[in-house]
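**Q** So here's my_file.cif, just mmCIF, C-alpha atoms and all ligand atoms:
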data_entry
#
loop_
_atom_site.label_atom_id
_atom_site.label_comp_id
_atom_site.auth_asym_id
_atom_site.auth_seq_id
_atom_site.Cartn_x
_atom_site.Cartn_y
_atom_site.Cartn_z
CA MET A 62 2.06 -67.40 -130.45
CA ARG A 63 3.36 -65.00 -133.07
CA LYS A 64 1.03 -63.88 -135.84
CA ARG A 65 2.48 -64.43 -139.28
CA MET A 66 3.18 -61.42 -141.47
CA ILE A 67 3.51 -60.98 -145.20
CA ALA A 68 4.78 -57.53 -146.18
CA GLY A 69 5.19 -56.23 -149.72
CA ASN A 70 7.97 -53.83 -150.63
CA TRP A 71 7.08 -52.18 -153.92
CA LYS A 72 10.43 -50.35 -153.95
CA MET A 73 10.54 -47.62 -156.65
CA ASN A 74 7.80 -49.19 -158.75
CA GLU A 75 4.22 -48.11 -159.55
CA THR A 76 3.17 -44.54 -160.28
CA TYR A 77 0.35 -43.10 -158.16
CA SER A 78 -2.34 -44.38 -160.53
CA GLU A 79 -0.66 -47.76 -161.04
CA GLY A 80 -0.35 -48.08 -157.28
CA VAL A 81 -4.07 -47.47 -156.81
CA VAL A 82 -4.87 -50.17 -159.39
CA LEU A 83 -2.48 -52.63 -157.74
CA ALA A 84 -3.94 -51.95 -154.28
CA GLN A 85 -7.47 -52.36 -155.67
CA GLY A 86 -6.47 -55.64 -157.24
CA LEU A 87 -5.03 -56.86 -153.96
CA ALA A 88 -8.14 -55.78 -152.06
CA LYS A 89 -10.17 -57.88 -154.50
CA GLU A 90 -7.88 -60.91 -154.23
CA LEU A 91 -8.02 -60.75 -150.43
CA ALA A 92 -11.71 -59.94 -150.16
CA ASP A 93 -12.32 -63.08 -148.10
CA GLY A 94 -9.86 -61.90 -145.48
CA THR A 95 -6.37 -62.90 -144.47
CA GLY A 96 -7.15 -65.19 -141.55
CA ASP A 97 -4.51 -64.91 -138.90
CA VAL A 98 -1.95 -63.29 -141.18
CA ASP A 99 -1.00 -59.61 -140.90
CA VAL A 100 -0.55 -58.17 -144.38
CA VAL A 101 1.34 -54.94 -145.03
CA VAL A 102 1.82 -53.07 -148.30
CA CYS A 103 4.73 -50.61 -148.60
CA PRO A 104 4.38 -48.42 -151.70
CA PRO A 105 6.63 -45.51 -152.69
CA ALA A 106 6.02 -42.34 -150.63
CA VAL A 107 4.04 -40.58 -153.36
CA ASP A 108 1.63 -43.55 -153.59
CA LEU A 109 0.88 -43.73 -149.86
CA LYS A 110 -2.17 -41.48 -149.94
CA GLY A 111 -3.72 -43.32 -152.90
CA VAL A 112 -3.22 -46.73 -151.28
CA ALA A 113 -4.55 -45.39 -147.95
CA GLU A 114 -7.73 -44.36 -149.76
CA VAL A 115 -8.12 -47.78 -151.35
CA ILE A 116 -7.72 -49.42 -147.93
CA GLU A 117 -10.38 -47.14 -146.49
CA HIS A 118 -12.89 -47.29 -149.35
CA GLU A 119 -12.59 -51.03 -149.97
CA ASP A 120 -12.17 -51.94 -146.30
CA ALA A 121 -9.09 -53.83 -147.51
CA PRO A 122 -7.51 -56.32 -145.08
CA PHE A 123 -4.01 -54.92 -145.26
CA ALA A 124 -2.06 -52.22 -143.48
CA LEU A 125 -0.06 -49.39 -145.00
CA GLY A 126 3.70 -49.14 -144.64
CA ALA A 127 6.27 -46.64 -145.86
CA GLN A 128 9.71 -47.53 -147.21
CA ASN A 129 11.73 -44.91 -145.38
CA VAL A 130 11.54 -42.12 -142.80
CA TYR A 131 13.72 -39.40 -141.33
CA TRP A 132 14.09 -39.16 -137.56
CA GLU A 133 13.60 -35.42 -137.09
CA GLU A 134 10.14 -34.00 -136.35
CA LYS A 135 10.14 -31.31 -139.04
CA GLY A 136 12.27 -28.61 -140.60
CA ALA A 137 14.91 -27.99 -143.23
CA TYR A 138 15.51 -31.57 -144.44
CA THR A 139 14.70 -31.31 -148.12
CA GLY A 140 13.34 -34.49 -149.61
CA GLU A 141 12.77 -36.27 -146.31
CA THR A 142 9.59 -37.52 -144.63
CA ALA A 143 8.91 -37.14 -140.89
CA PRO A 144 7.22 -39.87 -138.79
CA ASP A 145 4.26 -37.60 -138.10
CA MET A 146 3.69 -37.22 -141.84
CA LEU A 147 3.44 -41.00 -142.11
CA THR A 148 0.98 -41.40 -139.24
CA ASN A 149 -1.11 -38.54 -140.61
CA ILE A 150 -1.49 -40.32 -143.94
CA GLY A 151 -2.41 -43.64 -142.30
CA ALA A 152 0.87 -45.56 -142.39
CA THR A 153 1.32 -47.89 -139.44
CA TYR A 154 4.52 -49.65 -140.55
CA CYS A 155 7.78 -48.47 -142.08
CA ILE A 156 10.68 -50.41 -143.59
CA ILE A 157 14.07 -49.25 -142.34
CA GLY A 158 17.59 -50.43 -143.03
CA HIS A 159 16.85 -52.10 -146.36
CA SER A 160 20.08 -53.22 -148.00
CA GLU A 161 19.37 -50.95 -150.97
CA ARG A 162 19.32 -47.96 -148.61
CA ARG A 163 22.39 -49.19 -146.77
CA GLY A 164 24.20 -49.75 -150.07
CA TYR A 165 23.12 -46.96 -152.45
CA PHE A 166 22.42 -44.30 -149.82
CA HIS A 167 25.11 -45.26 -147.30
CA GLU A 168 22.73 -45.62 -144.35
CA THR A 169 24.47 -46.71 -141.19
CA ASP A 170 23.27 -48.84 -138.28
CA GLU A 171 23.35 -45.72 -136.12
CA GLU A 172 20.92 -43.96 -138.48
CA ILE A 173 18.71 -47.03 -138.68
CA ASN A 174 18.59 -47.09 -134.89
CA LYS A 175 17.56 -43.41 -134.82
CA LYS A 176 14.83 -44.12 -137.36
CA ALA A 177 13.51 -47.02 -135.26
CA LYS A 178 13.33 -44.82 -132.17
CA ALA A 179 11.57 -42.01 -134.04
CA LEU A 180 9.03 -44.38 -135.57
CA MET A 181 8.28 -46.13 -132.28
CA ALA A 182 7.84 -42.79 -130.54
CA HIS A 183 5.06 -42.12 -133.08
CA GLY A 184 3.45 -45.54 -132.81
CA ILE A 185 4.70 -46.74 -136.21
CA VAL A 186 6.03 -50.29 -136.34
CA PRO A 187 9.52 -50.52 -137.88
CA ILE A 188 10.23 -53.42 -140.22
CA SER A 189 13.96 -53.32 -139.65
CA CYS A 190 16.05 -55.12 -142.26
CA CYS A 191 19.37 -56.83 -141.85
CA GLY A 192 21.40 -59.23 -143.94
CA GLU A 193 24.82 -60.10 -145.25
CA SER A 194 26.52 -59.76 -148.63
CA LEU A 195 27.67 -62.75 -150.67
CA GLU A 196 31.25 -61.99 -149.66
CA VAL A 197 30.40 -62.21 -145.95
CA ARG A 198 28.38 -65.39 -146.49
CA GLU A 199 31.20 -67.04 -148.45
CA ALA A 200 33.61 -66.15 -145.66
CA GLY A 201 31.29 -68.01 -143.26
CA LYS A 202 30.78 -64.86 -141.18
CA HIS A 203 27.07 -64.33 -141.90
CA VAL A 204 25.74 -65.14 -138.44
CA GLU A 205 28.18 -62.92 -136.59
CA PHE A 206 27.67 -60.11 -139.15
CA VAL A 207 23.88 -60.13 -138.79
CA VAL A 208 24.00 -60.45 -135.00
CA ASP A 209 26.23 -57.36 -134.93
CA GLN A 210 23.71 -55.45 -137.09
CA ILE A 211 20.88 -56.48 -134.74
CA LYS A 212 22.77 -55.29 -131.66
CA LYS A 213 23.47 -51.91 -133.24
CA ASP A 214 20.02 -51.47 -134.79
CA THR A 215 18.19 -52.23 -131.53
CA GLU A 216 20.51 -50.35 -129.18
CA GLY A 217 18.52 -48.52 -126.49
CA LEU A 218 15.12 -49.50 -127.92
CA GLU A 219 12.38 -50.01 -125.39
CA ILE A 220 10.16 -52.82 -126.60
CA THR A 221 7.34 -53.68 -124.25
CA ASP A 222 4.88 -54.91 -126.87
CA PRO A 223 6.74 -57.29 -129.22
CA ALA A 224 4.12 -56.75 -131.94
CA LYS A 225 5.49 -53.21 -132.32
CA TYR A 226 8.86 -54.19 -133.76
CA VAL A 227 9.47 -56.45 -136.76
CA ILE A 228 12.75 -57.68 -138.21
CA ALA A 229 13.35 -58.83 -141.77
CA TYR A 230 16.39 -60.99 -142.47
CA GLU A 231 17.27 -60.41 -146.10
CA PRO A 232 20.53 -61.89 -147.35
CA ILE A 233 21.64 -59.36 -149.97
CA TRP A 234 22.73 -62.06 -152.40
CA ALA A 235 19.16 -63.36 -152.53
CA ILE A 236 17.37 -60.05 -153.15
CA GLY A 237 15.96 -59.65 -156.65
CA THR A 238 18.37 -62.28 -157.96
CA GLY A 239 16.05 -65.26 -158.10
CA LYS A 240 18.61 -67.00 -155.89
CA THR A 241 16.87 -67.87 -152.62
CA ALA A 242 18.40 -68.91 -149.38
CA THR A 243 17.20 -72.34 -148.33
CA ALA A 244 14.74 -72.60 -145.47
CA ASP A 245 17.62 -73.99 -143.36
CA ASP A 246 19.82 -70.99 -144.26
CA ALA A 247 17.01 -68.67 -143.15
CA GLN A 248 16.43 -70.58 -139.91
CA GLU A 249 20.15 -70.59 -139.05
CA VAL A 250 20.36 -66.79 -139.10
CA ILE A 251 16.85 -66.05 -137.86
CA GLY A 252 17.37 -68.44 -134.95
CA ALA A 253 20.57 -66.55 -134.08
CA ILE A 254 18.67 -63.24 -134.32
CA ARG A 255 16.06 -64.52 -131.87
CA ALA A 256 18.75 -65.75 -129.47
CA THR A 257 20.32 -62.27 -129.62
CA LEU A 258 16.96 -60.62 -128.98
CA LYS A 259 16.56 -62.87 -125.93
CA GLU A 260 19.87 -61.64 -124.53
CA ILE A 261 18.85 -58.03 -125.10
CA PHE A 262 15.12 -57.98 -124.31
CA GLY A 263 14.48 -61.20 -122.41
CA ASP A 264 12.65 -64.35 -123.50
CA GLU A 265 9.10 -63.05 -123.38
CA VAL A 266 9.66 -60.05 -125.65
CA ALA A 267 12.05 -61.91 -127.97
CA ASP A 268 9.60 -64.78 -128.39
CA GLY A 269 6.94 -62.30 -129.52
CA ILE A 270 8.94 -60.34 -132.10
CA ARG A 271 8.16 -61.32 -135.69
CA ILE A 272 11.19 -62.12 -137.84
CA LEU A 273 10.56 -62.32 -141.57
CA TYR A 274 12.63 -63.81 -144.36
CA GLY A 275 13.19 -61.75 -147.51
CA GLY A 276 14.99 -62.50 -150.75
CA SER A 277 13.26 -63.84 -153.88
CA ALA A 278 10.40 -65.19 -151.77
CA LYS A 279 7.49 -66.20 -154.00
CA PRO A 280 4.30 -68.29 -153.99
CA GLU A 281 6.28 -71.43 -154.88
CA ASN A 282 8.72 -71.26 -151.97
CA ILE A 283 6.96 -69.43 -149.12
CA ALA A 284 5.57 -72.60 -147.52
CA GLY A 285 9.05 -74.06 -147.10
CA PHE A 286 10.28 -71.04 -145.12
CA LEU A 287 7.22 -71.14 -142.90
CA THR A 288 7.99 -74.67 -141.76
CA LYS A 289 10.91 -73.24 -139.77
CA GLU A 290 10.22 -72.46 -136.14
CA ASP A 291 11.64 -68.93 -136.06
CA VAL A 292 10.46 -67.74 -139.49
CA ASP A 293 7.27 -65.72 -139.08
CA GLY A 294 6.58 -64.64 -142.65
CA ALA A 295 8.19 -62.79 -145.52
CA LEU A 296 9.17 -59.38 -146.82
CA VAL A 297 8.45 -59.65 -150.52
CA GLY A 298 9.83 -57.46 -153.30
CA GLY A 299 9.23 -58.59 -156.89
CA ALA A 300 6.35 -60.94 -156.14
CA SER A 301 4.44 -58.15 -154.36
CA LEU A 302 4.02 -56.25 -157.64
CA LYS A 303 1.34 -58.63 -158.92
CA ALA A 304 -1.82 -58.80 -156.84
CA GLU A 305 -2.36 -62.50 -157.61
CA SER A 306 1.12 -63.64 -156.62
CA PHE A 307 1.21 -61.53 -153.46
CA ALA A 308 -2.26 -62.75 -152.47
CA ALA A 309 -1.16 -66.34 -153.17
CA MET A 310 1.67 -65.86 -150.68
CA VAL A 311 -0.76 -64.56 -148.07
CA LYS A 312 -3.07 -67.53 -148.67
CA ALA A 313 -0.16 -69.97 -148.43
CA SER A 314 0.63 -68.47 -145.01
CA MET A 315 -2.90 -68.77 -143.60
C1 LIG B 401 13.24 -56.90 -150.87
O1 LIG B 401 13.90 -56.11 -151.50
O2 LIG B 401 12.80 -56.57 -149.76
C2 LIG B 401 13.05 -58.23 -151.45
C3 LIG B 401 12.92 -59.23 -150.63
O3 LIG B 401 13.05 -58.33 -152.82
P1 LIG B 401 12.78 -59.65 -153.71
O4 LIG B 401 11.62 -60.37 -153.09
O5 LIG B 401 12.47 -59.13 -155.08
O6 LIG B 401 14.04 -60.46 -153.65
#
Could you take the file, read its structure, and then write that structure out as structure tokens?
**A**
Amino acid sequence: MRKRMIAGNWKMNETYSEGVVLAQGLAKELADGTGDVDVVVCPPAVDLKGVAEVIEHEDAPFALGAQNVYWEEKGAYTGETAPDMLTNIGATYCIIGHSERRGYFHETDEEINKKAKALMAHGIVPISCCGESLEVREAGKHVEFVVDQIKKDTEGLEITDPAKYVIAYEPIWAIGTGKTATADDAQEVIGAIRATLKEIFGDEVADGIRILYGGSAKPENIAGFLTKEDVDGALVGGASLKAESFAAMVKASM
């Protein structure tokens, strides 16, 4: 039985002090616990320390995730963050392969694969994103496009504990647009992702890997996605920036 997960991607929002206030608000909203749902908050890199302190001081029921990582251990990589720096600050998850990084920063599947390996070597759980553009969807090639991303992104990964690798299917046309995929759209692709994982890792591991939906997910529509057998939760952008709405999504998943 897979544990549901709701993960918040703050993207490039919230200064350090705003991030602390948002994390405190979320700790308050979730003070009664999150039941069987794993909750992850992924602030900008400069906010990580502040949110880590809130989690510790308030005993908050959510984990800390980063939004990006570099695969080298250390050295002359100006502007980058090493996996060890993330573990040292208390991050246990890290988003990789977000469509904004693939698009604006030209990240390739090969780089995303290297990031996954580096994170896993340091005990950080990747939340590895995939998803098609509107053009690919309209051409009816979305399933084959995403399956190809999954094969490349997972190449050579050794997954023994399925809880240590998370996938987020985020159709690009539904991110930040208010235009959501239907629950059936999500299940079609997420089901194909799970079938691909079964071919690569075998049934037992594939059945344990959480696959989230992302793209304008909000309190009003989360329940619909969760009715689908392969959808294990959501990666949430906009709606994670308000403690009440993010907490409402967690509660709707419990
Ligand atoms: C995201 O960027 O990961 C995302 C899902 O954003 P939004 O919820 O705002 O569409």
**Q** For ligand LIG 401 (chain B), return the neighbouring residues as an MDAnalysis selection string (distance at most 10 Å; all atoms listed in the file).
**A** chainID A and resid 68:72 128 156 159:161 190 229:241 273:279 295:302
**Q** Measure the distance from atom CA of Ala313 of chain A to atom CA of Ala92 of chain A in Å and round it to one decimal.
**A**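 One can read the atom CA of Ala313 of chain A to atom CA of Ala92 of chain A distance as 15.4 Å.
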**Q** Hey, which of A:Gln248, A:Ser194, A:Asn129, A:Ser306 ends up closest to Glu168 of chain A? Count all atoms listed in the file.
**A**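 Looking at the shortest contact to Glu168 of chain A, the residue is A:Asn129.
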**Q** One decimal, Å: what's the distance from atom CA of Ser314 of chain A over to atom CA of Glu290 of chain A, could you say?
**A**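 So the two atoms, atom CA of Ser314 of chain A and atom CA of Glu290 of chain A, lie 13.7 Å apart.
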**Q** What separation in Å, quoted to one decimal, exists between atom CA of Val186 of chain A and atom CA of Val81 of chain A?
**A**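 It comes out at 23.0 Å.
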**Q** For Ala121 of chain A, please output as a list in words all residues within 12 Å (counting all atoms listed in the file; exclusion window: fewer than 3 positions along the same chain).
**A**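 Here the answer would be Ala84, Gln85, Gly86, Leu87, Ala88, Lys89, Glu90, Leu91, Ala92, Asp93, Gly94, Thr95, Asp99, Val100, Val101, Val102, Val112, Ala113, Glu114, Val115, Ile116, Glu117, His118, Ala124 and Leu125 of chain A.
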**Q** If we count all atoms listed in the file, what is near Gly201 of chain A at a cut-off of 12 Å, once residues fewer than 6 positions away on the same chain are taken out, given as a list in words?
**A**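 Here the qualifying residues turn out to be Glu193, Ser194, Leu195, Val207, Asp246 and Val250 of chain A.
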**Q** Compare A:Gly285, A:Glu199, A:Tyr138, A:Pro280 by their minimum atom-to-atom distance to Met310 of chain A, counting only C-alpha atoms, and give me the closest one.
**A**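 Under the stated criterion, the closest residue is A:Pro280.
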**Q** Adding 5 Å on each side of the box along x, y and z that holds all listed atoms of segment 288-305 of chain A, could you give its centre and edge lengths in Å to one decimal, as JSON?
**A**
{"center_x": 4.6, "center_y": -65.5, "center_z": -147.5, "size_x": 24.0, "size_y": 28.4, "size_z": 32.9}
**Q** Which residue, A:Pro105, A:Gly126, A:Gly294, A:Gly192, has the smallest gap to Glu205 of chain A when you use only C-alpha atoms?
**A** A:Gly192
**Q** Between A:Glu133, A:Glu265, A:Glu281, A:Glu75, which residue has the minimum interatomic distance to Asp222 of chain A, considering all atoms listed in the file?
**A**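 Closest to Asp222 of chain A, using all atoms listed in the file: A:Glu265.
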**Q** Choose the residue, out of A:Pro104, A:Glu172, A:Gly151, A:Glu119, that has the smallest atom-to-atom separation from Tyr131 of chain A; count all atoms listed in the file.
**A**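 The answer is A:Glu172, which sits nearest to Tyr131 of chain A.
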**Q** Using only C-alpha atoms, which protein or nucleic acid residues come within 10 Å of Val227 of chain A? Drop anything in the same chain fewer than 4 positions from it, and give the result as a ChimeraX atom specification.
**A** /A:66,154-156,186-190,223,269-273,293
